[in-house]
Amino acid sequence: MTIMNVLAEKIATLQQGVPATPVTEPAEVASEPTPTEPVPAAVTPATLTNREMMDLLIANLSADTVTDYVRLDRLVDKYNTLTNDEKSLWQQVQGQFVKNAGYWDFVTLNDVTYSSLDDQIDYNGIDTATIAEHVIYSAKVRSDTNVVVILRSLRAIDESATKVKDEPAEPETHDTDDRLAGKRVMIVSWFGQSAGMAKRRIEEYGAAVDWIDTSKIGEGKVNDMLWNDKYDLKIVVMNGSHHHTVWEAYEVIRKDPELNVRVEANPGVTTMLNMALDLAD
């Protein structure tokens, strides 16, 4: 008699009000392996990536499993320590509001769009009735949630200007030498004006400089280049790079500091030049 039949008979008996006869299942006799019997190998589950494991954790979280997540705070603390939350997750941006089918879109100066329709805009207490088009706003974007937080309005757009704040003009004359001869520098940024100017200034001291335009080169290729040891210095402009590239840069810094990757939010030409000149020390 199977266990299902035993259960069915017991239920039927209880429904009739007749005391059920105890049913004892025969104990299963465990067989002892012989000395020559091979020990079964442990079953290894299919390998999951960190992203897949995180998705699985999120999917399995419920009121019934929440006690299994008591150590989550340790994961969050470690994550924040490794990524330096304020430095790598928040990116300072500027942009303007544009009406789109009755909703506001926030479009950055690099043509990245965040939509209020998709709950991507945090107005941060700003009265939406006061929002106007053709006005530049300062904001910050949290790259892991892709939400933009509006900080304040700056000024009306000057249609004759291409940028809110232009780079200072290059000095007509300056002293240079060849102290960086034989050095190689990589600048990662989609800000062409400042990156191009920094490239020229650093080259004047004898270094070979590659400007990696992140608006034209895929982030996968850029991320691979961060691990390339042919460069003596790699400058990653946070506000001019995709957030995955910024994360990869911090990963390189953590695992191989000798690759000399430097991440700066929005360095000017002089800052990048001085970082390169440090190679001569």
# chains A, B, ... in the order shown; residues from 1 in each chain; ligands from 1
call {"tool": "residues_around", "arguments": {"residues": "range 245-255 of chain A", "least_positions_apart": "4", "cutoff": "9 Å", "atoms": "only C-alpha atoms", "output": "NGL selection string"}}
result
:A and (82-83 or 88-89 or 219-220 or 222-224 or 226-227 or 236-238 or 241 or 259-263)
call {"tool": "select_by_dssp", "arguments": {"residues": "range 85-121 of chain A", "states": "alpha helix (DSSP H)", "output": "PyMOL selection string"}}
result
chain A and resi 85-88
call {"tool": "write_last_selection", "arguments": {"atoms": "all heavy atoms", "output": "PDB file, in the first residue's frame"}}
result
ATOM      1  N   ASP A  85      30.227  55.106  -2.507  1.00  0.00           N
ATOM      2  CA  ASP A  85      28.889  55.461  -3.007  1.00  0.00           C
ATOM      3  C   ASP A  85      28.781  56.856  -3.583  1.00  0.00           C
ATOM      4  O   ASP A  85      28.382  57.037  -4.720  1.00  0.00           O
ATOM      5  CB  ASP A  85      27.877  55.286  -1.864  1.00  0.00           C
ATOM      6  CG  ASP A  85      26.451  55.514  -2.330  1.00  0.00           C
ATOM      7  OD1 ASP A  85      25.991  54.790  -3.217  1.00  0.00           O
ATOM      8  OD2 ASP A  85      25.801  56.421  -1.795  1.00  0.00           O
ATOM      9  N   GLU A  86      29.161  57.875  -2.819  1.00  0.00           N
ATOM     10  CA  GLU A  86      28.982  59.244  -3.286  1.00  0.00           C
ATOM     11  C   GLU A  86      29.822  59.545  -4.511  1.00  0.00           C
ATOM     12  O   GLU A  86      29.483  60.379  -5.322  1.00  0.00           O
ATOM     13  CB  GLU A  86      29.323  60.227  -2.165  1.00  0.00           C
ATOM     14  CG  GLU A  86      28.264  60.313  -1.079  1.00  0.00           C
ATOM     15  CD  GLU A  86      26.909  60.741  -1.637  1.00  0.00           C
ATOM     16  OE1 GLU A  86      26.860  61.674  -2.429  1.00  0.00           O
ATOM     17  OE2 GLU A  86      25.905  60.124  -1.267  1.00  0.00           O
ATOM     18  N   LYS A  87      30.933  58.832  -4.633  1.00  0.00           N
ATOM     19  CA  LYS A  87      31.865  59.169  -5.702  1.00  0.00           C
ATOM     20  C   LYS A  87      31.535  58.451  -7.002  1.00  0.00           C
ATOM     21  O   LYS A  87      31.673  59.015  -8.084  1.00  0.00           O
ATOM     22  CB  LYS A  87      33.298  58.832  -5.274  1.00  0.00           C
ATOM     23  CG  LYS A  87      34.360  59.494  -6.124  1.00  0.00           C
ATOM     24  CD  LYS A  87      35.711  59.355  -5.470  1.00  0.00           C
ATOM     25  CE  LYS A  87      36.756  60.154  -6.245  1.00  0.00           C
ATOM     26  NZ  LYS A  87      38.078  60.058  -5.623  1.00  0.00           N
ATOM     27  N   SER A  88      31.108  57.177  -6.915  1.00  0.00           N
ATOM     28  CA  SER A  88      30.924  56.431  -8.151  1.00  0.00           C
ATOM     29  C   SER A  88      29.476  56.278  -8.580  1.00  0.00           C
ATOM     30  O   SER A  88      29.207  56.150  -9.770  1.00  0.00           O
ATOM     31  CB  SER A  88      31.558  55.042  -8.035  1.00  0.00           C
ATOM     32  OG  SER A  88      30.713  54.161  -7.347  1.00  0.00           O
TER      33      SER A  88
END
call {"tool": "atom_distance", "arguments": {"atom1": "CA of His244 in chain A", "atom2": "CA of Trp211 in chain A"}}
result
18.3 Å
call {"tool": "closest_residue", "arguments": {"among": "A:Val98, A:Ala198, A:Ile235, A:Val209", "to": "Ala265 in chain A", "atoms": "only C-alpha atoms"}}
result
A:Ile235
call {"tool": "closest_residue", "arguments": {"among": "A:Val93, A:Ala181, A:Ala195, A:Ala101", "to": "Val149 in chain A", "atoms": "only C-alpha atoms"}}
result
A:Val93
call {"tool": "residues_around", "arguments": {"residues": "range 126-129 of chain A", "least_positions_apart": "5", "cutoff": "12 Å", "atoms": "only C-alpha atoms", "output": "list in words"}}
result
Phe97, Tyr103, Trp104, Ser116, Ile121, Tyr137, Ala139, Val149, Ile150, Leu151, Arg152 and Ser153 of chain A
call {"tool": "select_by_dssp", "arguments": {"residues": "range 175-245 of chain A", "states": "strand (DSSP E)", "output": "list of chain:residue names"}}
result
A:Arg184, A:Val185, A:Met186, A:Ile187, A:Val188, A:Ala208, A:Val209, A:Asp210, A:Trp211, A:Ile212, A:Leu233, A:Lys234, A:Ile235, A:Val236, A:Val237
